[in-house]
Amino acid sequence: MDNKKQSHAQFIPVFHKSFLLPRYWGIWLGIAALSISTLIPACFRDPILGILGRLTGRLALGARRRALINLLYCLPEKSESEREKIVDSMFSTMSQAMAMMAELALRPNVAKSRIHWHRRHIIDDLRQSGKNVILLVPHSWAVDLPAMLLAAEGQRIAAMFHHQSNLVIDYIWNLVRCRCGARMHARNDGIRPFINSIRQGYWGYYLPDQDHGEKKSEFVDFFATYKATLPIVGRMMKVCHATVVPLFPVYDSKTHSLDIYLRAPLIKDLFAIDNIQQARRLNAEVEVLVRPNPEQYTWILKLLKTRKPGDQEPYKRRDLYPKK
């Protein structure tokens, strides 16, 4: 897809007439239904979306298998039935968080009344001081919401993203992000535009838990297993003169609200420790944020794809949750 880009390599979603072809009609219908659902009070909407989400999780066999494998490796202390419940809850949360994202885009005042920040003073103090900031945010279904909220408040936000395989979903998703005021950088443009934005005063929104392969990663502990992790945040901290603040959003289906949890900024000299220690520190932050609410994490990602020499990729193991 051709996209407009400014000199700083900002991604700007562009509508194409091909998006109206019949093969995308189902997507547009789903987007319309999601938009209409924002008119329904969350206390009535969430139970319905929870059921639909769990049903989706039962039908999405590949995604469910990846989630169960990740949980088997990462949380082996959980029983099989407990891991199944986590996956069911994860898919329920997916649909409910997406509805709140649509609500925040279409009915912001209604959505904001159900959003609660914890330790908000951390980022308020940083904003007042004028310091550069990188928010360290593990993958969750509500991951876009804090960035959208901060951008709507006037805080300049820059984020990196992967393109979705479906062009219409990619267009709509990024359109909502951009309309809220966020500056989007595609990962295939490299990290330099993202760093330049932070140096210009944008707050960076960085997701640290994706698997980027072995070449530039370090193998370090991740929950009960290990993971290939990029030791890059320390270098970004140094180059951007930025403070790094861990953050994790949690959608509560019982109160129909979003809780955004902040942790104390990482040590200022993170860049001074070696790559292995730095990578492990990032994973440790992810663990602390995710453990209290494991159903909020996007376990469907191929988090453990890159393995040490001699170890088999878990998703290729035929003995684990064989396809029926």
# chains A, B, ... in the order shown; residues from 1 in each chain; ligands from 1

$ select_by_dssp --residues "segment 90-251 of chain A" --states "strand (DSSP E or B)" --output "VMD selection string"
chain A and resid 115 to 118 132 to 136 140 157 to 161 183 to 186 203 to 206 218 to 222 225 to 229 242 to 251

$ closest_atom_pairs --of "segment 202-302 of chain A" --to "segment 153-160 of chain A" --cutoff "6 Å" --atoms "only C-alpha atoms" --output "JSON lines"
{"residue": "A:Tyr202", "atom": "CA", "partner": "A:Arg156", "partner_atom": "CA", "distance": 4.8}
{"residue": "A:Trp203", "atom": "CA", "partner": "A:Ile157", "partner_atom": "CA", "distance": 4.8}
{"residue": "A:Gly204", "atom": "CA", "partner": "A:Ala158", "partner_atom": "CA", "distance": 5.0}
{"residue": "A:Tyr205", "atom": "CA", "partner": "A:Ala159", "partner_atom": "CA", "distance": 4.8}

$ closest_atom_pairs --of "segment 207-307 of chain A" --to "segment 31-46 of chain A" --cutoff "9 Å" --atoms "only C-alpha atoms" --output "tab-separated table"
residue	atom	partner	partner_atom	distance
A:Ser253	CA	A:Asp46	CA	6.5
A:Lys254	CA	A:Cys43	CA	8.3
A:Thr255	CA	A:Cys43	CA	7.9
A:His256	CA	A:Ala42	CA	6.0
A:Ser257	CA	A:Ala42	CA	8.7

$ closest_residue --among "A:His185, A:Lys268, A:His139, A:His241" --to "Pro208 of chain A" --atoms "only C-alpha atoms"
A:His139

$ select_by_dssp --residues "segment 236-266 of chain A" --states "helix (DSSP H, G or I)" --output "NGL selection string"
:A and (236-240)

$ write_last_selection --atoms "C-alpha atoms" --output "mmCIF file, in the first residue's frame"
data_model
loop_
_atom_site.group_PDB
_atom_site.id
_atom_site.type_symbol
_atom_site.label_atom_id
_atom_site.label_comp_id
_atom_site.auth_asym_id
_atom_site.auth_seq_id
_atom_site.Cartn_x
_atom_site.Cartn_y
_atom_site.Cartn_z
ATOM 1 C CA MET A 236 17.387 4.835 23.451
ATOM 2 C CA MET A 237 17.441 6.296 26.961
ATOM 3 C CA LYS A 238 20.976 7.573 26.413
ATOM 4 C CA VAL A 239 20.534 8.875 22.863
ATOM 5 C CA CYS A 240 17.178 10.527 23.613
#

$ closest_residue --among "A:Thr243, A:Gly213, A:Val14, A:Ala224" --to "Ser129 of chain A" --atoms "only C-alpha atoms"
A:Thr243

$ closest_residue --among "A:His162, A:Ser217, A:Asp88, A:Ala105" --to "Leu175 of chain A" --atoms "only C-alpha atoms"
A:Ala105

$ closest_residue --among "A:Gly190, A:Arg317, A:Asn166, A:Ile122" --to "Arg23 of chain A" --atoms "only C-alpha atoms"
A:Asn166

$ residues_around --residues "Ala264 of chain A" --least-positions-apart "5" --cutoff "12 Å" --atoms "only C-alpha atoms" --output "PyMOL selection string"
chain A and resi 118-123+125-126+135-136+243-247+285+289

$ write_last_selection --atoms "C-alpha atoms" --output "compact mmCIF listing (two decimals), in the first residue's frame"
# COMPACT_ATOMS: atom_id res chain seq x y z
CA HIS A 118 -2.72 4.65 39.18
CA ARG A 119 0.34 6.65 40.28
CA ARG A 120 -0.52 9.24 37.63
CA HIS A 121 1.74 11.72 39.42
CA ILE A 122 4.75 9.95 37.88
CA ILE A 123 3.97 11.13 34.35
CA ASP A 125 5.75 15.31 37.21
CA LEU A 126 7.74 14.31 34.13
CA LEU A 135 6.75 4.61 28.04
CA LEU A 136 7.53 0.89 28.28
CA THR A 243 13.27 8.72 31.35
CA VAL A 244 11.75 5.24 30.92
CA VAL A 245 8.42 4.56 32.68
CA PRO A 246 6.75 1.09 32.63
CA LEU A 247 2.98 1.14 32.06
CA GLU A 285 9.31 -5.34 34.20
CA LEU A 289 3.14 -5.86 35.17

$ closest_residue --among "A:Cys178, A:Ala67, A:Leu55, A:Ala152" --to "Pro314 of chain A" --atoms "only C-alpha atoms"
A:Ala67

$ residues_around --residues "Thr306 of chain A" --least-positions-apart "3" --cutoff "7 Å" --atoms "only C-alpha atoms" --output "list in words"
Asp211, Gly213, Glu214, Ala228 and Glu313 of chain A

$ atom_distance --atom1 "atom CA of Pro146 of chain A" --atom2 "atom CA of Tyr261 of chain A"
10.0 Å

$ residues_around --residues "segment 169-171 of chain A" --least-positions-apart "6" --cutoff "9 Å" --atoms "only C-alpha atoms" --output "PyMOL selection string"
chain A and resi 13-15+27-28+31+163

$ write_last_selection --atoms "C-alpha atoms" --output "PDB file, in the first residue's frame"
ATOM      1  CA  PRO A  13      -3.097   6.130   6.613  1.00  0.00           C
ATOM      2  CA  VAL A  14      -4.626   6.709   3.187  1.00  0.00           C
ATOM      3  CA  PHE A  15      -8.013   5.450   2.016  1.00  0.00           C
ATOM      4  CA  ILE A  27     -14.750  -6.170   7.757  1.00  0.00           C
ATOM      5  CA  TRP A  28     -16.769  -2.989   7.234  1.00  0.00           C
ATOM      6  CA  ILE A  31     -16.514  -2.111  12.132  1.00  0.00           C
ATOM      7  CA  HIS A 163       1.156  -3.315   9.630  1.00  0.00           C
TER       8      HIS A 163
END

$ residues_around --residues "Arg65 of chain A" --least-positions-apart "2" --cutoff "12 Å" --atoms "only C-alpha atoms" --output "VMD selection string"
chain A and resid 57 to 63 67 to 72 83 to 84 87 to 88 299 to 302 314 to 324

$ closest_atom_pairs --of "segment 103-146 of chain A" --to "segment 192-199 of chain A" --cutoff "12 Å" --atoms "only C-alpha atoms" --output "JSON lines"
{"residue": "A:Gly130", "atom": "CA", "partner": "A:Arg199", "partner_atom": "CA", "distance": 11.9}
{"residue": "A:Lys131", "atom": "CA", "partner": "A:Arg199", "partner_atom": "CA", "distance": 10.2}
{"residue": "A:Asn132", "atom": "CA", "partner": "A:Ile198", "partner_atom": "CA", "distance": 6.7}
{"residue": "A:Val133", "atom": "CA", "partner": "A:Ile198", "partner_atom": "CA", "distance": 7.5}
{"residue": "A:Ile134", "atom": "CA", "partner": "A:Ile198", "partner_atom": "CA", "distance": 7.8}
{"residue": "A:Leu135", "atom": "CA", "partner": "A:Ile198", "partner_atom": "CA", "distance": 10.9}

$ atom_distance --atom1 "atom CA of Val110 of chain A" --atom2 "atom CA of Gln128 of chain A"
27.2 Å

$ atom_distance --atom1 "atom CA of Thr93 of chain A" --atom2 "atom CA of Leu304 of chain A"
22.4 Å

$ closest_residue --among "A:Ser140, A:Gln96, A:Ser81, A:Ser165" --to "Leu207 of chain A" --atoms "only C-alpha atoms"
A:Ser140

$ residues_around --residues "Asp221 of chain A" --least-positions-apart "5" --cutoff "10 Å" --atoms "only C-alpha atoms" --output "MDAnalysis selection string"
chainID A and resid 74 226:229 276 279:281 283:284

$ write_last_selection --atoms "N, CA and C atoms" --output "PDB file, in the first residue's frame"
ATOM      1  N   CYS A  74       5.545 -20.387  29.996  1.00  0.00           N
ATOM      2  CA  CYS A  74       5.769 -19.244  30.877  1.00  0.00           C
ATOM      3  C   CYS A  74       5.180 -19.426  32.275  1.00  0.00           C
ATOM      4  N   TYR A 226      12.755 -18.733  28.660  1.00  0.00           N
ATOM      5  CA  TYR A 226      13.651 -17.658  28.226  1.00  0.00           C
ATOM      6  C   TYR A 226      13.126 -17.099  26.917  1.00  0.00           C
ATOM      7  N   LYS A 227      13.655 -15.951  26.539  1.00  0.00           N
ATOM      8  CA  LYS A 227      13.150 -15.258  25.363  1.00  0.00           C
ATOM      9  C   LYS A 227      14.256 -14.438  24.719  1.00  0.00           C
ATOM     10  N   ALA A 228      14.212 -14.330  23.395  1.00  0.00           N
ATOM     11  CA  ALA A 228      15.129 -13.444  22.680  1.00  0.00           C
ATOM     12  C   ALA A 228      14.621 -12.014  22.848  1.00  0.00           C
ATOM     13  N   THR A 229      15.402 -11.185  23.521  1.00  0.00           N
ATOM     14  CA  THR A 229      14.965  -9.835  23.889  1.00  0.00           C
ATOM     15  C   THR A 229      15.968  -8.800  23.408  1.00  0.00           C
ATOM     16  N   ILE A 276      22.974  -8.262  28.473  1.00  0.00           N
ATOM     17  CA  ILE A 276      22.221  -9.352  29.092  1.00  0.00           C
ATOM     18  C   ILE A 276      21.423  -8.840  30.289  1.00  0.00           C
ATOM     19  N   ALA A 279      18.541  -6.591  29.014  1.00  0.00           N
ATOM     20  CA  ALA A 279      17.428  -7.360  28.456  1.00  0.00           C
ATOM     21  C   ALA A 279      16.629  -8.032  29.563  1.00  0.00           C
ATOM     22  N   ARG A 280      17.319  -8.568  30.543  1.00  0.00           N
ATOM     23  CA  ARG A 280      16.628  -9.230  31.658  1.00  0.00           C
ATOM     24  C   ARG A 280      15.795  -8.221  32.449  1.00  0.00           C
ATOM     25  N   ARG A 281      16.312  -7.013  32.614  1.00  0.00           N
ATOM     26  CA  ARG A 281      15.563  -5.983  33.352  1.00  0.00           C
ATOM     27  C   ARG A 281      14.254  -5.670  32.637  1.00  0.00           C
ATOM     28  N   ASN A 283      12.512  -7.713  30.668  1.00  0.00           N
ATOM     29  CA  ASN A 283      11.606  -8.844  30.858  1.00  0.00           C
ATOM     30  C   ASN A 283      11.040  -8.879  32.276  1.00  0.00           C
ATOM     31  N   ALA A 284      11.867  -8.504  33.242  1.00  0.00           N
ATOM     32  CA  ALA A 284      11.403  -8.482  34.629  1.00  0.00           C
ATOM     33  C   ALA A 284      10.268  -7.473  34.795  1.00  0.00           C
TER      34      ALA A 284
END

$ decode --residues "segment 132-160 of chain A" --atoms "N, CA and C atoms" --output "compact mmCIF listing (two decimals), in the first residue's frame"
# COMPACT_ATOMS: atom_id res chain seq x y z
N ASN A 132 12.22 14.31 28.36
CA ASN A 132 11.83 13.32 27.35
C ASN A 132 11.45 12.03 28.07
N VAL A 133 10.48 11.33 27.52
CA VAL A 133 9.94 10.14 28.18
C VAL A 133 9.75 9.02 27.17
N ILE A 134 10.08 7.80 27.59
CA ILE A 134 9.75 6.59 26.85
C ILE A 134 8.87 5.74 27.75
N LEU A 135 7.65 5.47 27.30
CA LEU A 135 6.75 4.61 28.04
C LEU A 135 6.96 3.17 27.59
N LEU A 136 7.24 2.31 28.54
CA LEU A 136 7.53 0.89 28.28
C LEU A 136 6.24 0.11 28.50
N VAL A 137 5.62 -0.38 27.43
CA VAL A 137 4.26 -0.92 27.53
C VAL A 137 4.20 -2.34 26.94
N PRO A 138 4.07 -3.37 27.79
CA PRO A 138 3.89 -4.73 27.27
C PRO A 138 2.61 -4.84 26.46
N HIS A 139 2.57 -5.81 25.54
CA HIS A 139 1.40 -6.01 24.70
C HIS A 139 0.18 -6.40 25.53
N SER A 140 -0.88 -5.68 25.32
CA SER A 140 -2.18 -6.06 25.89
C SER A 140 -3.24 -5.63 24.88
N TRP A 141 -4.45 -6.11 25.07
CA TRP A 141 -5.52 -5.75 24.13
C TRP A 141 -5.88 -4.28 24.25
N ALA A 142 -5.61 -3.68 25.40
CA ALA A 142 -5.92 -2.27 25.61
C ALA A 142 -4.70 -1.38 25.42
N VAL A 143 -3.68 -1.90 24.76
CA VAL A 143 -2.40 -1.21 24.69
C VAL A 143 -2.48 0.17 24.06
N ASP A 144 -3.41 0.39 23.12
CA ASP A 144 -3.51 1.68 22.45
C ASP A 144 -4.16 2.76 23.31
N LEU A 145 -4.94 2.36 24.30
CA LEU A 145 -5.78 3.32 25.01
C LEU A 145 -4.99 4.38 25.79
N PRO A 146 -3.95 4.03 26.57
CA PRO A 146 -3.21 5.08 27.26
C PRO A 146 -2.56 6.09 26.30
N ALA A 147 -2.05 5.60 25.17
CA ALA A 147 -1.45 6.51 24.19
C ALA A 147 -2.50 7.46 23.62
N MET A 148 -3.69 6.92 23.31
CA MET A 148 -4.77 7.75 22.78
C MET A 148 -5.20 8.80 23.81
N LEU A 149 -5.26 8.41 25.06
CA LEU A 149 -5.66 9.33 26.12
C LEU A 149 -4.65 10.46 26.28
N LEU A 150 -3.38 10.11 26.33
CA LEU A 150 -2.34 11.13 26.49
C LEU A 150 -2.29 12.07 25.29
N ALA A 151 -2.44 11.50 24.09
CA ALA A 151 -2.43 12.32 22.89
C ALA A 151 -3.61 13.28 22.89
N ALA A 152 -4.78 12.79 23.34
CA ALA A 152 -5.97 13.64 23.38
C ALA A 152 -5.81 14.77 24.40
N GLU A 153 -4.97 14.56 25.42
CA GLU A 153 -4.71 15.59 26.43
C GLU A 153 -3.74 16.65 25.93
N GLY A 154 -3.16 16.40 24.76
CA GLY A 154 -2.22 17.35 24.21
C GLY A 154 -0.77 16.91 24.29
N GLN A 155 -0.53 15.77 24.93
CA GLN A 155 0.83 15.25 25.00
C GLN A 155 1.21 14.62 23.66
N ARG A 156 2.29 15.04 23.08
CA ARG A 156 2.72 14.49 21.79
C ARG A 156 3.27 13.07 22.01
N ILE A 157 2.69 12.11 21.28
CA ILE A 157 3.05 10.70 21.43
C ILE A 157 3.55 10.16 20.09
N ALA A 158 4.63 9.40 20.14
CA ALA A 158 5.16 8.71 18.96
C ALA A 158 5.23 7.22 19.26
N ALA A 159 4.78 6.42 18.31
CA ALA A 159 4.76 4.97 18.53
C ALA A 159 5.18 4.24 17.27
N MET A 160 5.71 3.03 17.47
CA MET A 160 6.05 2.15 16.36
C MET A 160 4.99 1.07 16.27
